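The next block is input.cif, given as mmCIF, C-alpha atoms; chains and numbers go by the auth columns.
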```
data_run
loop_
_atom_site.group_PDB
_atom_site.id
_atom_site.type_symbol
_atom_site.label_atom_id
_atom_site.label_comp_id
_atom_site.label_asym_id
_atom_site.label_seq_id
_atom_site.Cartn_x
_atom_site.Cartn_y
_atom_site.Cartn_z
_atom_site.B_iso_or_equiv
_atom_site.auth_seq_id
_atom_site.auth_asym_id
ATOM 1 C CA MET A 1 84.967 108.902 90.516 0.00 656 Q
ATOM 2 C CA VAL A 2 83.262 106.449 88.190 0.00 657 Q
ATOM 3 C CA ALA A 3 84.520 108.392 85.180 0.00 658 Q
ATOM 4 C CA ALA A 4 88.053 108.258 86.594 0.00 659 Q
ATOM 5 C CA TYR A 5 87.688 104.510 87.108 0.00 660 Q
ATOM 6 C CA PHE A 6 86.892 104.053 83.424 0.00 661 Q
ATOM 7 C CA LEU A 7 89.556 106.520 82.242 0.00 662 Q
ATOM 8 C CA LEU A 8 92.591 105.843 84.469 0.00 663 Q
ATOM 9 C CA PRO A 9 95.411 103.987 82.705 0.00 664 Q
ATOM 10 C CA LEU A 10 95.406 100.836 84.829 0.00 665 Q
ATOM 11 C CA ASP A 11 97.093 98.777 82.111 0.00 666 Q
ATOM 12 C CA ARG A 12 100.433 99.278 83.830 0.00 667 Q
ATOM 13 C CA LEU A 13 99.167 97.250 86.786 0.00 668 Q
ATOM 14 C CA GLY A 14 98.353 93.566 86.932 0.00 669 Q
ATOM 15 C CA PRO A 15 100.473 90.640 85.765 0.00 670 Q
ATOM 16 C CA HIS A 16 103.342 92.853 84.579 0.00 671 Q
ATOM 17 C CA ARG A 17 103.845 94.450 88.002 0.00 672 Q
ATOM 18 C CA PRO A 18 102.363 92.176 90.658 0.00 673 Q
ATOM 19 C CA VAL A 19 104.181 93.672 93.662 0.00 674 Q
ATOM 20 C CA LEU A 20 103.210 97.235 92.750 0.00 675 Q
ATOM 21 C CA SER A 21 99.639 96.104 92.066 0.00 676 Q
ATOM 22 C CA TRP A 22 99.258 94.390 95.450 0.00 677 Q
ATOM 23 C CA VAL A 23 100.882 97.293 97.311 0.00 678 Q
ATOM 24 C CA LEU A 24 98.576 99.840 95.661 0.00 679 Q
ATOM 25 C CA PHE A 25 95.545 97.623 96.333 0.00 680 Q
ATOM 26 C CA GLY A 26 96.467 97.314 100.018 0.00 681 Q
ATOM 27 C CA LEU A 27 97.267 101.005 100.406 0.00 682 Q
ATOM 28 C CA ALA A 28 94.043 102.085 98.687 0.00 683 Q
ATOM 29 C CA LEU A 29 91.905 99.838 100.907 0.00 684 Q
ATOM 30 C CA ALA A 30 93.771 100.905 104.043 0.00 685 Q
ATOM 31 C CA LEU A 31 93.401 104.589 103.190 0.00 686 Q
ATOM 32 C CA VAL A 32 89.679 104.256 102.501 0.00 687 Q
ATOM 33 C CA ALA A 33 89.241 102.244 105.723 0.00 688 Q
ATOM 34 C CA VAL A 34 91.015 104.903 107.793 0.00 689 Q
ATOM 35 C CA LEU A 35 88.968 107.683 106.208 0.00 690 Q
ATOM 36 C CA LEU A 36 85.741 105.721 106.777 0.00 691 Q
ATOM 37 C CA LEU A 37 86.655 105.112 110.415 0.00 692 Q
ATOM 38 C CA ARG A 38 87.374 108.804 110.816 0.00 693 Q
ATOM 39 C CA GLN A 39 83.913 109.676 109.470 0.00 694 Q
ATOM 40 C CA ILE A 40 82.314 107.041 111.702 0.00 695 Q
ATOM 41 C CA MET A 41 84.028 108.638 114.702 0.00 696 Q
ATOM 42 C CA HIS A 42 82.775 112.072 113.634 0.00 697 Q
ATOM 43 C CA VAL A 43 79.223 110.706 113.663 0.00 698 Q
ATOM 44 C CA LEU A 44 79.623 108.921 116.990 0.00 699 Q
ATOM 45 C CA LEU A 45 81.145 112.023 118.591 0.00 700 Q
ATOM 46 C CA SER A 46 78.616 114.348 116.883 0.00 701 Q
ATOM 47 C CA ARG A 47 81.289 116.631 115.463 0.00 702 Q
ATOM 48 C CA PRO A 48 79.523 119.730 114.109 0.00 703 Q
ATOM 49 C CA ASN A 49 81.822 120.490 111.162 0.00 704 Q
ATOM 50 C CA ALA A 50 81.961 116.953 109.769 0.00 705 Q
ATOM 51 C CA ARG A 51 80.243 116.138 106.481 0.00 706 Q
ATOM 52 C CA PRO A 52 79.565 112.383 106.758 0.00 707 Q
ATOM 53 C CA ALA A 53 76.509 112.544 104.474 0.00 708 Q
ATOM 54 C CA LEU A 54 78.831 113.605 101.665 0.00 709 Q
ATOM 55 C CA VAL A 55 82.077 111.833 102.527 0.00 710 Q
ATOM 56 C CA ILE A 56 80.814 108.363 103.530 0.00 711 Q
ATOM 57 C CA PRO A 57 78.984 107.620 100.249 0.00 712 Q
ATOM 58 C CA LEU A 58 82.015 108.827 98.265 0.00 713 Q
ATOM 59 C CA LEU A 59 84.362 106.592 100.259 0.00 714 Q
ATOM 60 C CA MET A 60 82.008 103.629 99.899 0.00 715 Q
ATOM 61 C CA CYS A 61 81.938 104.194 96.148 0.00 716 Q
ATOM 62 C CA LEU A 62 85.720 104.467 96.079 0.00 717 Q
ATOM 63 C CA SER A 63 86.137 101.138 97.868 0.00 718 Q
ATOM 64 C CA ILE A 64 83.826 99.480 95.333 0.00 719 Q
ATOM 65 C CA LEU A 65 85.868 100.925 92.477 0.00 720 Q
ATOM 66 C CA VAL A 66 89.131 99.701 94.049 0.00 721 Q
ATOM 67 C CA PHE A 67 87.769 96.155 94.161 0.00 722 Q
ATOM 68 C CA ALA A 68 86.372 96.446 90.624 0.00 723 Q
ATOM 69 C CA ALA A 69 89.731 97.584 89.247 0.00 724 Q
ATOM 70 C CA THR A 70 91.474 94.789 91.126 0.00 725 Q
ATOM 71 C CA TYR A 71 89.175 92.100 89.720 0.00 726 Q
ATOM 72 C CA GLN A 72 89.572 93.485 86.210 0.00 727 Q
ATOM 73 C CA ARG A 73 93.361 93.426 86.472 0.00 728 Q
ATOM 74 C CA LEU A 74 93.306 89.957 88.078 0.00 729 Q
ATOM 75 C CA ALA A 75 91.350 88.697 85.094 0.00 730 Q
ATOM 76 C CA GLN A 76 94.463 89.406 83.006 0.00 731 Q
ATOM 77 C CA HIS A 77 96.179 86.516 84.854 0.00 732 Q
ATOM 78 C CA PRO A 78 95.303 83.207 83.168 0.00 733 Q
ATOM 79 C CA GLY A 79 93.162 81.032 85.435 0.00 734 Q
ATOM 80 C CA GLU A 80 92.264 83.679 88.025 0.00 735 Q
ATOM 81 C CA MET A 81 88.734 84.588 86.910 0.00 736 Q
ATOM 82 C CA SER A 82 86.325 82.604 84.764 0.00 737 Q
ATOM 83 C CA GLY A 83 83.225 83.692 82.926 0.00 738 Q
ATOM 84 C CA GLY A 84 84.519 86.430 80.692 0.00 739 Q
ATOM 85 C CA LEU A 85 85.553 89.223 83.010 0.00 740 Q
ATOM 86 C CA THR A 86 87.414 91.333 80.467 0.00 741 Q
ATOM 87 C CA THR A 87 86.250 94.932 80.776 0.00 742 Q
ATOM 88 C CA ARG A 88 86.083 97.448 83.583 0.00 743 Q
ATOM 89 C CA LEU A 89 82.307 97.228 83.460 0.00 744 Q
ATOM 90 C CA ASP A 90 82.654 93.461 84.048 0.00 745 Q
ATOM 91 C CA GLY A 91 84.845 94.202 87.083 0.00 746 Q
ATOM 92 C CA LEU A 92 82.300 96.655 88.464 0.00 747 Q
ATOM 93 C CA TYR A 93 79.488 94.191 87.774 0.00 748 Q
ATOM 94 C CA PHE A 94 81.267 91.349 89.604 0.00 749 Q
ATOM 95 C CA THR A 95 82.107 93.629 92.543 0.00 750 Q
ATOM 96 C CA LEU A 96 78.482 94.727 92.955 0.00 751 Q
ATOM 97 C CA VAL A 97 77.167 91.167 92.556 0.00 752 Q
ATOM 98 C CA THR A 98 79.581 90.051 95.280 0.00 753 Q
ATOM 99 C CA LEU A 99 78.739 93.036 97.499 0.00 754 Q
ATOM 100 C CA ALA A 100 75.020 92.350 97.161 0.00 755 Q
ATOM 101 C CA THR A 101 75.637 88.633 97.859 0.00 756 Q
ATOM 102 C CA ILE A 102 73.678 87.740 94.738 0.00 757 Q
ATOM 103 C CA GLY A 103 76.293 85.441 93.239 0.00 758 Q
ATOM 104 C CA TYR A 104 74.841 84.723 89.805 0.00 759 Q
ATOM 105 C CA GLY A 105 77.744 82.392 89.057 0.00 760 Q
ATOM 106 C CA ASP A 106 78.442 83.774 85.590 0.00 761 Q
ATOM 107 C CA ILE A 107 81.807 85.148 86.723 0.00 762 Q
ATOM 108 C CA THR A 108 83.717 83.283 89.409 0.00 763 Q
ATOM 109 C CA PRO A 109 87.115 83.591 91.068 0.00 764 Q
ATOM 110 C CA HIS A 110 89.133 80.451 90.316 0.00 765 Q
ATOM 111 C CA GLY A 111 92.710 81.328 91.190 0.00 766 Q
ATOM 112 C CA GLN A 112 94.035 81.785 94.694 0.00 767 Q
ATOM 113 C CA ALA A 113 94.675 85.516 94.246 0.00 768 Q
ATOM 114 C CA ALA A 114 91.143 86.127 92.950 0.00 769 Q
ATOM 115 C CA ARG A 115 89.653 84.137 95.810 0.00 770 Q
ATOM 116 C CA LEU A 116 91.761 86.107 98.279 0.00 771 Q
ATOM 117 C CA VAL A 117 90.450 89.392 96.854 0.00 772 Q
ATOM 118 C CA ALA A 118 86.867 88.063 97.046 0.00 773 Q
ATOM 119 C CA ILE A 119 87.409 87.093 100.702 0.00 774 Q
ATOM 120 C CA LEU A 120 88.889 90.529 101.426 0.00 775 Q
ATOM 121 C CA GLN A 121 85.933 92.207 99.726 0.00 776 Q
ATOM 122 C CA ILE A 122 83.452 90.218 101.808 0.00 777 Q
ATOM 123 C CA LEU A 123 85.281 91.000 105.052 0.00 778 Q
ATOM 124 C CA TYR A 124 85.799 94.642 104.068 0.00 779 Q
ATOM 125 C CA SER A 125 82.102 94.962 103.304 0.00 780 Q
ATOM 126 C CA PHE A 126 81.048 93.369 106.590 0.00 781 Q
ATOM 127 C CA ILE A 127 83.388 95.465 108.672 0.00 782 Q
ATOM 128 C CA PHE A 128 83.853 98.846 107.046 0.00 783 Q
ATOM 129 C CA LEU A 129 80.948 99.347 104.662 0.00 784 Q
ATOM 130 C CA THR A 130 78.371 98.076 107.153 0.00 785 Q
ATOM 131 C CA ALA A 131 79.770 100.320 109.889 0.00 786 Q
ATOM 132 C CA ALA A 132 79.859 103.255 107.486 0.00 787 Q
ATOM 133 C CA ALA A 133 76.277 102.670 106.332 0.00 788 Q
ATOM 134 C CA THR A 134 75.155 102.431 109.962 0.00 789 Q
ATOM 135 C CA ALA A 135 76.935 105.681 110.827 0.00 790 Q
ATOM 136 C CA LEU A 136 75.436 107.388 107.778 0.00 791 Q
ATOM 137 C CA THR A 137 71.957 106.226 108.763 0.00 792 Q
ATOM 138 C CA ARG A 138 72.519 107.487 112.303 0.00 793 Q
ATOM 139 C CA HIS A 139 73.720 110.854 111.015 0.00 794 Q
ATOM 140 C CA VAL A 140 70.757 111.294 108.658 0.00 795 Q
ATOM 141 C CA SER A 141 68.357 110.279 111.429 0.00 796 Q
ATOM 142 C CA ASN A 142 69.894 112.857 113.778 0.00 797 Q
ATOM 143 C CA VAL A 143 69.685 115.580 111.133 0.00 798 Q
ATOM 144 C CA VAL A 144 66.043 114.798 110.424 0.00 799 Q
ATOM 145 C CA ARG A 145 65.259 114.728 114.137 0.00 800 Q
ATOM 146 C CA ARG A 146 66.920 118.133 114.656 0.00 801 Q
ATOM 147 C CA HIS A 147 65.048 119.716 111.755 0.00 802 Q
ATOM 148 C CA THR A 148 61.619 118.275 112.511 0.00 803 Q
ATOM 149 C CA PRO A 149 59.504 120.631 114.604 0.00 804 Q
ATOM 150 C CA ARG A 150 58.233 119.117 117.816 0.00 805 Q
ATOM 151 C CA ARG A 151 54.516 119.144 118.360 0.00 806 Q
ATOM 152 C CA PRO A 152 53.135 119.838 121.782 0.00 807 Q
ATOM 153 C CA PRO A 153 51.317 116.864 123.300 0.00 808 Q
ATOM 154 C CA ASP A 154 47.569 116.750 122.741 0.00 809 Q
ATOM 155 C CA GLU A 155 45.548 117.827 125.750 0.00 810 Q
ATOM 156 C CA SER A 156 42.402 115.757 125.670 0.00 811 Q
#
```
I'd like the structure from this file rewritten - as C-alpha cells, please.
Amino acid sequence: MVAAYFLLPLDRLGPHRPVLSWVLFGLALALVAVLLLRQIMHVLLSRPNARPALVIPLLMCLSILVFAATYQRLAQHPGEMSGGLTTRLDGLYFTLVTLATIGYGDITPHGQAARLVAILQILYSFIFLTAAATALTRHVSNVVRRHTPRRPPDES
C-alpha cells in the first residue's frame, strides 16, 4: 500500500480537478470507514471466519495514506499549506504528526480547505481509528486468552 501511495499518478488530482478530488477523498474515507465498521462488528459479534488482525491494520494504514495524499495535493493550492509540504513523504509526515497529536508546527494548514481536511482527520481518527484499534486489541486479547492453557488452581 505504501509503495502504491508513492507510485500512483495523483498529479491529475488537486487544483486542476477540485470536484473530482473532493469526491474521491470523500468516497475513499467513506469506504474505509464502512469496512472498518464491518470489521469492528465482526469482533463484537465474534465471527469465526473474520480476519480483523489482518484487515484492521491495513484499513488503518489506508486511511492514513488517503489523508497524506490529500494534504500533498492540497499543498499544490497556493496558501493552503505552509512550511514546505511538497512531496508525498511530506504529506505522510504531516498526517502522522497530526494523528499522533505532536504538532511540531513546521507544516501547518493555512487555507480553509486544508483546515477542513485537518479537522476531518482529527474526527476520523477519534471515531474510526480509535474504535478500530480498540476492536483489534479486543480481538488479539481474545485470541491470546483462547490459546493460553489454563492452570488448575493451587491446592495449598
Target residues per the PyMOL selection byres ((chain Q and resi 706-716) around 9), formatted as a PDB file with C-alpha atoms, keeping the file's coordinate frame:
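After the write, selection-v6.pdb holds the following:
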```pdb
ATOM      1  CA  MET Q 656      84.967 108.902  90.516  1.00  0.00           C
ATOM      2  CA  VAL Q 657      83.262 106.449  88.190  1.00  0.00           C
ATOM      3  CA  VAL Q 687      89.679 104.256 102.501  1.00  0.00           C
ATOM      4  CA  ALA Q 688      89.241 102.244 105.723  1.00  0.00           C
ATOM      5  CA  LEU Q 690      88.968 107.683 106.208  1.00  0.00           C
ATOM      6  CA  LEU Q 691      85.741 105.721 106.777  1.00  0.00           C
ATOM      7  CA  GLN Q 694      83.913 109.676 109.470  1.00  0.00           C
ATOM      8  CA  ILE Q 695      82.314 107.041 111.702  1.00  0.00           C
ATOM      9  CA  HIS Q 697      82.775 112.072 113.634  1.00  0.00           C
ATOM     10  CA  VAL Q 698      79.223 110.706 113.663  1.00  0.00           C
ATOM     11  CA  PRO Q 703      79.523 119.730 114.109  1.00  0.00           C
ATOM     12  CA  ASN Q 704      81.822 120.490 111.162  1.00  0.00           C
ATOM     13  CA  ALA Q 705      81.961 116.953 109.769  1.00  0.00           C
ATOM     14  CA  LEU Q 717      85.720 104.467  96.079  1.00  0.00           C
ATOM     15  CA  SER Q 718      86.137 101.138  97.868  1.00  0.00           C
ATOM     16  CA  ILE Q 719      83.826  99.480  95.333  1.00  0.00           C
ATOM     17  CA  LEU Q 720      85.868 100.925  92.477  1.00  0.00           C
ATOM     18  CA  VAL Q 721      89.131  99.701  94.049  1.00  0.00           C
ATOM     19  CA  PHE Q 783      83.853  98.846 107.046  1.00  0.00           C
ATOM     20  CA  LEU Q 784      80.948  99.347 104.662  1.00  0.00           C
ATOM     21  CA  ALA Q 787      79.859 103.255 107.486  1.00  0.00           C
ATOM     22  CA  ALA Q 788      76.277 102.670 106.332  1.00  0.00           C
ATOM     23  CA  ALA Q 790      76.935 105.681 110.827  1.00  0.00           C
ATOM     24  CA  LEU Q 791      75.436 107.388 107.778  1.00  0.00           C
ATOM     25  CA  THR Q 792      71.957 106.226 108.763  1.00  0.00           C
ATOM     26  CA  HIS Q 794      73.720 110.854 111.015  1.00  0.00           C
ATOM     27  CA  VAL Q 795      70.757 111.294 108.658  1.00  0.00           C
TER      28      VAL Q 795
END
```
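From atom CA of Leu679 of chain Q back to atom CA of Phe749 of chain Q, the distance works out to 20.2 Å.
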So how many Å separate atom CA of Leu675 of chain Q and atom CA of Leu771 of chain Q, to one decimal? 16.9 Å
Within 10 Å of Gly746 of chain Q using all atoms listed in the file, minus same-chain residues under 3 positions, as a PyMOL selection string: chain Q and resi 719-730+740-743+749-752+762
Kindly give the distance, in Å, that separates atom CA of Val798 of chain Q and atom CA of Thr785 of chain Q, rounded to a single decimal. 19.9 Å
His671 of chain Q: which residues within 10 Å, counting all atoms listed in the file, same-chain residues fewer than 4 positions away excluded, as number ranges by chain? Q: 666-667, 675-676, 731-732
Please put the answer as JSON: centre and edge lengths, in Å with one decimal, of a box along x, y and z that encloses all listed atoms of segment 682-689 of chain Q plus 5 Å on each side.
```
{"center_x": 93.3, "center_y": 102.4, "center_z": 103.2, "size_x": 18.0, "size_y": 15.1, "size_z": 19.1}
```
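Proximity to Thr756 of chain Q was assessed for Q:Gln776, Q:Ser796, Q:Ser701, Q:Thr789 counting all atoms listed in the file; the smallest distance is recorded for Q:Gln776.
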